[in-house]
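Some notes on the structure that comes next.
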Amino acid sequence: MPLIQVDLAQHIYNELHEQLSTEIQAAQVEALDITPDDLFHVFRPHGPGELKFDPGYNDVDRRDLLLIHITMVHMYPVSKKRALFETIVRRLGALGLRPEDILISVVENGFEDWYAGR
Amino acid sequence: MPLIQVDLAQHIYNELHEQLSTEIQAAQVEALDITPDDLFHVFRPHGPGELKFDPGYNDVDRRDLLLIHITMVHMYPVSKKRALFETIVRRLGALGLRPEDILISVVENGFEDWYAGR
Amino acid sequence: MPLIQVDLAQHIYNELHEQLSTEIQAAQVEALDITPDDLFHVFRPHGPGELKFDPGYNDVDRRDLLLIHITMVHMYPVSKKRALFETIVRRLGALGLRPEDILISVVENGFEDWYAGR
């Protein structure tokens, strides 16, 4: 049950939210072997000023901020996490989003920390 | 100091936010023995499209998504967490919300990770 | 790569978001020795009713709620966290915000849990 929370500019949300969701989910399926129906995505569109970032941190040319916050059970090795990040960035890149503008943060919990409808 | 963050449909927020807050807090008091005034709730109403979910994952008939994200100190046994989930679902059920539509996710930290007004 | 997420009243956001960001970042630089360009802030302004709190919990006279949620790598001793909280509160206090109205919550992860533009 990874929970995906995406904070992004309103205009990107308006243009791409369906495709963003599709590609992020495909990345999870591809990299983590979750089932396609294990899908919980919260999108939070933001106006100008609400997303603040530095245009050069980490030696990248950053022009926007698209935050993908993932809450998931502590069970994946580092290699799987890296594969997930790479797959997300590649798939969102195919939608025209710049890798430099993406920030991904994972927070982990346990199986006992979830209730999903029953 | 559990921190409750609720992402939900705008219309459910409009109709029920006061009662949702009351019942979630009552569930915390009942299941975790916190004091009633230990109350920090953030509600985030969402328009259509911002909450994406699968209608059948986990073998439930899901029609909406109400996410309750709980940040709390690592101190409760699994049995208490389960009791908390059951109590929240039962109390929100009494408001007319479907258990199948509720997603709860807990993330834990330590006592040293909080500042609460002093 | 601390990630800062701030949930606050709309009117405070409107009046102070630039200064809030500046002071929170200065507090991170001062207390955690991060570089000034390591800046990722998400602001979420809220209407009345969306931020719920108790006016007296923790023996403080609370009149509003400004939540600062920090996701950062598990690497700082408790003393650094306390210094961070004190520095944030002092700097926001200089903007006219009441310490009693501030809630800070830290959640930690690992170096492997981040992707920051590359």
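Residues in the structure tokens are named by chain (A, B, ... in the order shown) and by number from 1 within that chain; ligands are numbered from 1 in the order shown.
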Name the residues in contact with Pro2 (chain B) at a cut-off of 12 Å, using only C-alpha atoms, excluding same-chain residues fewer than 5 positions from it; report them as a PyMOL selection string. (chain B and resi 24-25+27-29+32-42+68-76+84+106-111+113-116) or (chain C and resi 53+103-105)
Where does chain C meet chain B within 9 Å, residue by residue, with the nearest atom pair and distance in Å to one decimal for each, counting only C-alpha atoms, listed by chain and rising number, as JSON lines?
{"residue": "C:Asp7", "atom": "CA", "partner": "B:Val42", "partner_atom": "CA", "distance": 7.8}
{"residue": "C:His46", "atom": "CA", "partner": "B:Arg44", "partner_atom": "CA", "distance": 7.9}
{"residue": "C:Gly49", "atom": "CA", "partner": "B:His17", "partner_atom": "CA", "distance": 7.8}
{"residue": "C:Glu50", "atom": "CA", "partner": "B:Phe43", "partner_atom": "CA", "distance": 4.7}
{"residue": "C:Leu51", "atom": "CA", "partner": "B:Val42", "partner_atom": "CA", "distance": 4.8}
{"residue": "C:Lys52", "atom": "CA", "partner": "B:His41", "partner_atom": "CA", "distance": 5.0}
{"residue": "C:Phe53", "atom": "CA", "partner": "B:Phe40", "partner_atom": "CA", "distance": 4.8}
{"residue": "C:Asp54", "atom": "CA", "partner": "B:Asp37", "partner_atom": "CA", "distance": 5.5}
{"residue": "C:Pro55", "atom": "CA", "partner": "B:Asp37", "partner_atom": "CA", "distance": 8.2}
{"residue": "C:Gly56", "atom": "CA", "partner": "B:Asp37", "partner_atom": "CA", "distance": 7.2}
{"residue": "C:Tyr57", "atom": "CA", "partner": "B:Asp37", "partner_atom": "CA", "distance": 5.4}
{"residue": "C:Asn58", "atom": "CA", "partner": "B:Ala116", "partner_atom": "CA", "distance": 7.1}
{"residue": "C:Asp59", "atom": "CA", "partner": "B:Arg118", "partner_atom": "CA", "distance": 8.7}
{"residue": "C:Val60", "atom": "CA", "partner": "B:Gly117", "partner_atom": "CA", "distance": 6.4}
{"residue": "C:Asp61", "atom": "CA", "partner": "B:Gly117", "partner_atom": "CA", "distance": 8.4}
{"residue": "C:Arg62", "atom": "CA", "partner": "B:Gly117", "partner_atom": "CA", "distance": 7.4}
{"residue": "C:Leu65", "atom": "CA", "partner": "B:Phe40", "partner_atom": "CA", "distance": 8.3}
{"residue": "C:Leu67", "atom": "CA", "partner": "B:Val42", "partner_atom": "CA", "distance": 8.8}
{"residue": "C:Val78", "atom": "CA", "partner": "B:Glu112", "partner_atom": "CA", "distance": 6.4}
{"residue": "C:Lys81", "atom": "CA", "partner": "B:Asp113", "partner_atom": "CA", "distance": 7.3}
{"residue": "C:Arg82", "atom": "CA", "partner": "B:Glu112", "partner_atom": "CA", "distance": 7.7}
{"residue": "C:Phe85", "atom": "CA", "partner": "B:Tyr115", "partner_atom": "CA", "distance": 6.7}
{"residue": "C:Glu86", "atom": "CA", "partner": "B:Tyr115", "partner_atom": "CA", "distance": 8.9}
{"residue": "C:Val89", "atom": "CA", "partner": "B:Gly117", "partner_atom": "CA", "distance": 8.9}
{"residue": "C:Arg98", "atom": "CA", "partner": "B:Gly117", "partner_atom": "CA", "distance": 8.4}
{"residue": "C:Pro99", "atom": "CA", "partner": "B:Gly117", "partner_atom": "CA", "distance": 5.5}
{"residue": "C:Glu100", "atom": "CA", "partner": "B:Gly117", "partner_atom": "CA", "distance": 3.7}
{"residue": "C:Asp101", "atom": "CA", "partner": "B:Gly117", "partner_atom": "CA", "distance": 5.7}
{"residue": "C:Ile102", "atom": "CA", "partner": "B:Gly117", "partner_atom": "CA", "distance": 5.3}
{"residue": "C:Leu103", "atom": "CA", "partner": "B:Ala116", "partner_atom": "CA", "distance": 4.7}
{"residue": "C:Ile104", "atom": "CA", "partner": "B:Tyr115", "partner_atom": "CA", "distance": 4.9}
{"residue": "C:Ser105", "atom": "CA", "partner": "B:Trp114", "partner_atom": "CA", "distance": 4.8}
{"residue": "C:Val106", "atom": "CA", "partner": "B:Asp113", "partner_atom": "CA", "distance": 4.9}
{"residue": "C:Val107", "atom": "CA", "partner": "B:Asn109", "partner_atom": "CA", "distance": 5.8}
{"residue": "C:Glu108", "atom": "CA", "partner": "B:Asn109", "partner_atom": "CA", "distance": 7.4}
Please, could you write that set of residues out with N, CA, C and O atoms as a CSV table (one decimal), in the first residue's frame?
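Result file result-v7.csv:
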chain,number,residue,atom,x,y,z
C,7,ASP,N,1.6,24.0,6.9
C,7,ASP,CA,0.1,24.2,6.8
C,7,ASP,C,-0.2,25.4,7.7
C,7,ASP,O,0.1,25.4,8.9
C,46,HIS,N,-4.7,27.6,4.4
C,46,HIS,CA,-6.0,26.9,4.8
C,46,HIS,C,-7.1,28.0,5.2
C,46,HIS,O,-6.8,29.0,5.8
C,49,GLY,N,-11.6,26.6,9.7
C,49,GLY,CA,-12.1,25.3,9.9
C,49,GLY,C,-11.2,24.1,9.5
C,49,GLY,O,-11.4,23.0,10.0
C,50,GLU,N,-10.3,24.4,8.6
C,50,GLU,CA,-9.4,23.4,8.2
C,50,GLU,C,-8.3,23.0,9.2
C,50,GLU,O,-7.7,21.9,9.1
C,51,LEU,N,-8.0,24.0,10.0
C,51,LEU,CA,-6.9,23.8,11.0
C,51,LEU,C,-7.6,23.8,12.4
C,51,LEU,O,-8.1,24.8,12.9
C,52,LYS,N,-7.7,22.6,13.0
C,52,LYS,CA,-8.4,22.5,14.3
C,52,LYS,C,-7.4,22.2,15.4
C,52,LYS,O,-6.4,21.4,15.2
C,53,PHE,N,-7.6,22.8,16.5
C,53,PHE,CA,-6.6,22.6,17.6
C,53,PHE,C,-7.3,23.0,18.9
C,53,PHE,O,-8.4,23.6,18.9
C,54,ASP,N,-6.7,22.6,20.0
C,54,ASP,CA,-7.2,22.9,21.4
C,54,ASP,C,-6.5,24.2,21.9
C,54,ASP,O,-5.3,24.3,21.7
C,55,PRO,N,-7.2,25.1,22.4
C,55,PRO,CA,-6.6,26.4,22.8
C,55,PRO,C,-5.7,26.3,24.1
C,55,PRO,O,-5.1,27.3,24.5
C,56,GLY,N,-5.7,25.1,24.7
C,56,GLY,CA,-4.9,25.1,26.0
C,56,GLY,C,-4.0,23.9,26.1
C,56,GLY,O,-3.3,23.8,27.1
C,57,TYR,N,-4.0,23.0,25.2
C,57,TYR,CA,-3.2,21.8,25.3
C,57,TYR,C,-1.7,22.1,25.5
C,57,TYR,O,-1.1,23.0,24.9
C,58,ASN,N,-1.1,21.3,26.4
C,58,ASN,CA,0.4,21.5,26.7
C,58,ASN,C,0.6,22.7,27.5
C,58,ASN,O,1.7,23.3,27.6
C,59,ASP,N,-0.5,23.2,28.2
C,59,ASP,CA,-0.4,24.4,29.1
C,59,ASP,C,0.1,25.6,28.4
C,59,ASP,O,0.9,26.4,28.9
C,60,VAL,N,-0.4,25.8,27.1
C,60,VAL,CA,-0.1,27.0,26.4
C,60,VAL,C,-1.3,27.7,26.0
C,60,VAL,O,-2.4,27.1,25.9
C,61,ASP,N,-1.3,29.0,25.8
C,61,ASP,CA,-2.4,29.8,25.3
C,61,ASP,C,-2.4,29.9,23.8
C,61,ASP,O,-1.8,30.8,23.2
C,62,ARG,N,-3.0,28.9,23.2
C,62,ARG,CA,-2.9,28.7,21.7
C,62,ARG,C,-4.1,29.4,21.0
C,62,ARG,O,-5.2,29.2,21.4
C,65,LEU,N,-3.0,27.8,14.6
C,65,LEU,CA,-2.1,26.6,14.4
C,65,LEU,C,-1.3,26.9,13.1
C,65,LEU,O,-1.8,27.1,12.1
C,67,LEU,N,1.5,24.7,11.4
C,67,LEU,CA,2.2,23.4,11.4
C,67,LEU,C,3.4,23.4,10.5
C,67,LEU,O,3.3,23.7,9.3
C,78,VAL,N,19.6,14.8,19.3
C,78,VAL,CA,18.5,15.5,19.9
C,78,VAL,C,18.8,17.0,20.1
C,78,VAL,O,18.0,17.8,19.9
C,81,LYS,N,18.2,18.9,17.1
C,81,LYS,CA,16.7,19.1,16.8
C,81,LYS,C,16.1,20.2,17.7
C,81,LYS,O,15.4,21.1,17.3
C,82,ARG,N,16.5,20.2,19.0
C,82,ARG,CA,16.0,21.2,19.9
C,82,ARG,C,16.5,22.6,19.5
C,82,ARG,O,15.7,23.5,19.6
C,85,PHE,N,14.3,23.7,16.6
C,85,PHE,CA,13.0,24.1,17.1
C,85,PHE,C,13.1,25.5,17.7
C,85,PHE,O,12.3,26.4,17.4
C,86,GLU,N,14.1,25.7,18.6
C,86,GLU,CA,14.2,27.0,19.2
C,86,GLU,C,14.5,28.1,18.2
C,86,GLU,O,14.0,29.3,18.4
C,89,VAL,N,11.4,29.0,16.2
C,89,VAL,CA,10.4,29.7,17.0
C,89,VAL,C,10.9,31.1,17.3
C,89,VAL,O,10.1,32.1,17.2
C,98,ARG,N,3.2,33.9,17.2
C,98,ARG,CA,3.3,33.5,18.6
C,98,ARG,C,3.9,32.1,18.7
C,98,ARG,O,3.5,31.2,18.0
C,99,PRO,N,4.9,31.9,19.6
C,99,PRO,CA,5.5,30.5,19.8
C,99,PRO,C,4.4,29.5,20.1
C,99,PRO,O,4.5,28.4,19.7
C,100,GLU,N,3.4,30.0,20.9
C,100,GLU,CA,2.4,29.1,21.3
C,100,GLU,C,1.6,28.5,20.2
C,100,GLU,O,0.9,27.5,20.3
C,101,ASP,N,1.5,29.2,19.1
C,101,ASP,CA,0.7,28.8,17.9
C,101,ASP,C,1.5,27.8,17.0
C,101,ASP,O,0.9,27.4,16.0
C,102,ILE,N,2.7,27.6,17.3
C,102,ILE,CA,3.6,26.8,16.3
C,102,ILE,C,3.6,25.3,16.8
C,102,ILE,O,3.8,25.0,18.0
C,103,LEU,N,3.4,24.4,15.8
C,103,LEU,CA,3.5,23.0,16.0
C,103,LEU,C,4.6,22.5,15.0
C,103,LEU,O,4.5,22.7,13.8
C,104,ILE,N,5.6,21.9,15.6
C,104,ILE,CA,6.7,21.3,14.7
C,104,ILE,C,6.7,19.8,14.9
C,104,ILE,O,6.7,19.3,16.0
C,105,SER,N,6.7,19.1,13.8
C,105,SER,CA,6.8,17.6,13.8
C,105,SER,C,7.9,17.2,12.8
C,105,SER,O,7.9,17.6,11.7
C,106,VAL,N,8.8,16.4,13.3
C,106,VAL,CA,9.9,15.8,12.5
C,106,VAL,C,9.7,14.4,12.2
C,106,VAL,O,9.3,13.6,13.1
C,107,VAL,N,9.8,14.0,10.9
C,107,VAL,CA,9.8,12.6,10.6
C,107,VAL,C,11.1,12.3,9.8
C,107,VAL,O,11.5,13.0,8.9
C,108,GLU,N,11.8,11.2,10.2
C,108,GLU,CA,13.1,10.9,9.6
C,108,GLU,C,13.1,9.8,8.6
C,108,GLU,O,12.3,8.8,8.7
Residues of chain C in strand (DSSP E or B), written as an MDAnalysis selection string: chainID C and resid 3:9 40:46 51:53 66:73 102:109 114:116
Atom pair CA of Lys80 (chain C) + CA of Leu20 (chain C), distance 20.5 Å
Residues flagged alpha helix (DSSP H) by DSSP in chain B, as an MDAnalysis selection string: chainID B and resid 10:32 78:93
Restricting the output to N, CA, C and O atoms, write the selected residues as a short mmCIF file (atom, residue, chain, number, x, y, z; two decimals), in the first residue's frame.
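Written out: out_19.cif:
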data_model
loop_
_atom_site.label_atom_id
_atom_site.label_comp_id
_atom_site.auth_asym_id
_atom_site.auth_seq_id
_atom_site.Cartn_x
_atom_site.Cartn_y
_atom_site.Cartn_z
N GLN B 10 -14.17 17.57 -1.13
CA GLN B 10 -14.67 18.86 -0.66
C GLN B 10 -16.09 18.76 -0.08
O GLN B 10 -16.38 19.34 0.97
N HIS B 11 -16.96 18.00 -0.74
CA HIS B 11 -18.36 17.94 -0.26
C HIS B 11 -18.46 17.23 1.09
O HIS B 11 -19.30 17.60 1.92
N ILE B 12 -17.61 16.25 1.33
CA ILE B 12 -17.64 15.59 2.64
C ILE B 12 -17.08 16.54 3.70
O ILE B 12 -17.62 16.64 4.81
N TYR B 13 -16.03 17.26 3.33
CA TYR B 13 -15.51 18.27 4.27
C TYR B 13 -16.60 19.27 4.63
O TYR B 13 -16.84 19.55 5.81
N ASN B 14 -17.27 19.79 3.61
CA ASN B 14 -18.28 20.82 3.86
C ASN B 14 -19.39 20.33 4.81
O ASN B 14 -19.83 21.05 5.70
N GLU B 15 -19.81 19.10 4.61
CA GLU B 15 -20.93 18.57 5.39
C GLU B 15 -20.53 18.11 6.79
O GLU B 15 -21.32 18.19 7.73
N LEU B 16 -19.30 17.62 6.91
CA LEU B 16 -19.00 16.82 8.10
C LEU B 16 -17.73 17.19 8.85
O LEU B 16 -17.35 16.47 9.78
N HIS B 17 -17.04 18.27 8.51
CA HIS B 17 -15.71 18.42 9.09
C HIS B 17 -15.71 18.53 10.61
O HIS B 17 -14.83 17.98 11.27
N GLU B 18 -16.71 19.19 11.16
CA GLU B 18 -16.75 19.31 12.63
C GLU B 18 -16.96 17.93 13.27
O GLU B 18 -16.29 17.56 14.24
N GLN B 19 -17.90 17.18 12.70
CA GLN B 19 -18.18 15.86 13.28
C GLN B 19 -17.03 14.89 13.04
O GLN B 19 -16.73 14.05 13.89
N LEU B 20 -16.40 15.00 11.89
CA LEU B 20 -15.24 14.15 11.63
C LEU B 20 -14.16 14.40 12.68
O LEU B 20 -13.57 13.46 13.24
N SER B 21 -13.89 15.67 12.94
CA SER B 21 -12.87 16.01 13.92
C SER B 21 -13.26 15.48 15.30
O SER B 21 -12.44 14.89 16.02
N THR B 22 -14.51 15.68 15.67
CA THR B 22 -14.99 15.21 16.98
C THR B 22 -14.82 13.71 17.11
O THR B 22 -14.33 13.20 18.13
N GLU B 23 -15.22 12.97 16.08
CA GLU B 23 -15.20 11.51 16.18
C GLU B 23 -13.78 10.95 16.10
O GLU B 23 -13.45 9.97 16.77
N ILE B 24 -12.94 11.55 15.26
CA ILE B 24 -11.54 11.08 15.21
C ILE B 24 -10.87 11.33 16.56
O ILE B 24 -10.14 10.47 17.07
N GLN B 25 -11.15 12.48 17.15
CA GLN B 25 -10.55 12.76 18.45
C GLN B 25 -11.08 11.80 19.52
O GLN B 25 -10.31 11.28 20.34
N ALA B 26 -12.38 11.54 19.48
CA ALA B 26 -12.96 10.59 20.44
C ALA B 26 -12.34 9.21 20.28
O ALA B 26 -12.10 8.50 21.27
N ALA B 27 -12.05 8.83 19.05
CA ALA B 27 -11.42 7.53 18.80
C ALA B 27 -10.01 7.50 19.39
O ALA B 27 -9.58 6.48 19.96
N GLN B 28 -9.30 8.59 19.27
CA GLN B 28 -7.95 8.64 19.85
C GLN B 28 -8.00 8.54 21.38
O GLN B 28 -7.17 7.85 21.99
N VAL B 29 -8.96 9.25 21.95
CA VAL B 29 -9.11 9.19 23.40
C VAL B 29 -9.47 7.78 23.84
O VAL B 29 -8.90 7.23 24.79
N GLU B 30 -10.39 7.18 23.11
CA GLU B 30 -10.89 5.85 23.48
C GLU B 30 -9.81 4.77 23.29
O GLU B 30 -9.62 3.91 24.15
N ALA B 31 -9.09 4.84 22.18
CA ALA B 31 -8.17 3.73 21.85
C ALA B 31 -6.75 3.96 22.36
O ALA B 31 -6.04 3.00 22.66
N LEU B 32 -6.33 5.22 22.45
CA LEU B 32 -4.93 5.48 22.82
C LEU B 32 -4.78 6.12 24.20
O LEU B 32 -3.66 6.34 24.67
N VAL B 78 0.96 -2.95 18.62
CA VAL B 78 0.11 -3.19 17.44
C VAL B 78 -1.37 -3.28 17.83
O VAL B 78 -2.24 -2.78 17.11
N SER B 79 -1.65 -3.88 18.96
CA SER B 79 -3.04 -4.03 19.39
C SER B 79 -3.72 -2.67 19.57
O SER B 79 -4.91 -2.50 19.25
N LYS B 80 -2.99 -1.69 20.07
CA LYS B 80 -3.55 -0.35 20.24
C LYS B 80 -3.81 0.31 18.88
O LYS B 80 -4.79 1.03 18.69
N LYS B 81 -2.88 0.09 17.96
CA LYS B 81 -3.07 0.67 16.63
C LYS B 81 -4.32 0.07 15.98
O LYS B 81 -5.13 0.79 15.38
N ARG B 82 -4.45 -1.24 16.09
CA ARG B 82 -5.64 -1.89 15.51
C ARG B 82 -6.91 -1.36 16.15
O ARG B 82 -7.90 -1.12 15.48
N ALA B 83 -6.86 -1.19 17.47
CA ALA B 83 -8.03 -0.65 18.17
C ALA B 83 -8.33 0.77 17.69
O ALA B 83 -9.50 1.14 17.52
N LEU B 84 -7.29 1.53 17.44
CA LEU B 84 -7.49 2.90 16.94
C LEU B 84 -8.17 2.86 15.57
O LEU B 84 -9.15 3.59 15.32
N PHE B 85 -7.67 2.02 14.68
CA PHE B 85 -8.26 1.94 13.34
C PHE B 85 -9.74 1.53 13.43
O PHE B 85 -10.61 2.12 12.79
N GLU B 86 -10.00 0.50 14.23
CA GLU B 86 -11.38 0.00 14.35
C GLU B 86 -12.30 1.07 14.94
O GLU B 86 -13.45 1.22 14.52
N THR B 87 -11.78 1.80 15.91
CA THR B 87 -12.61 2.83 16.55
C THR B 87 -12.87 3.99 15.60
O THR B 87 -14.00 4.50 15.52
N ILE B 88 -11.87 4.39 14.87
CA ILE B 88 -12.09 5.46 13.88
C ILE B 88 -13.13 5.02 12.86
O ILE B 88 -14.09 5.75 12.57
N VAL B 89 -12.96 3.82 12.32
CA VAL B 89 -13.86 3.35 11.27
C VAL B 89 -15.30 3.22 11.80
O VAL B 89 -16.26 3.59 11.12
N ARG B 90 -15.42 2.73 13.01
CA ARG B 90 -16.76 2.57 13.60
C ARG B 90 -17.40 3.94 13.81
O ARG B 90 -18.57 4.16 13.46
N ARG B 91 -16.67 4.88 14.35
CA ARG B 91 -17.23 6.19 14.63
C ARG B 91 -17.53 6.97 13.34
O ARG B 91 -18.53 7.68 13.25
N LEU B 92 -16.65 6.86 12.35
CA LEU B 92 -16.95 7.55 11.09
C LEU B 92 -18.10 6.83 10.37
O LEU B 92 -18.90 7.47 9.67
N GLY B 93 -18.18 5.54 10.56
CA GLY B 93 -19.31 4.79 10.00
C GLY B 93 -20.64 5.32 10.53
O GLY B 93 -21.63 5.41 9.79
#
Please measure the separation of CA of Leu8 (chain B) and CA of Leu95 (chain B), giving the value in Å to one decimal. 14.6 Å
Please, what distance in Å, to one decimal, runs between CA of Leu97 (chain C) and CA of Leu66 (chain C)?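 About the pair CA of Leu97 (chain C) and CA of Leu66 (chain C): they are 9.1 Å apart.
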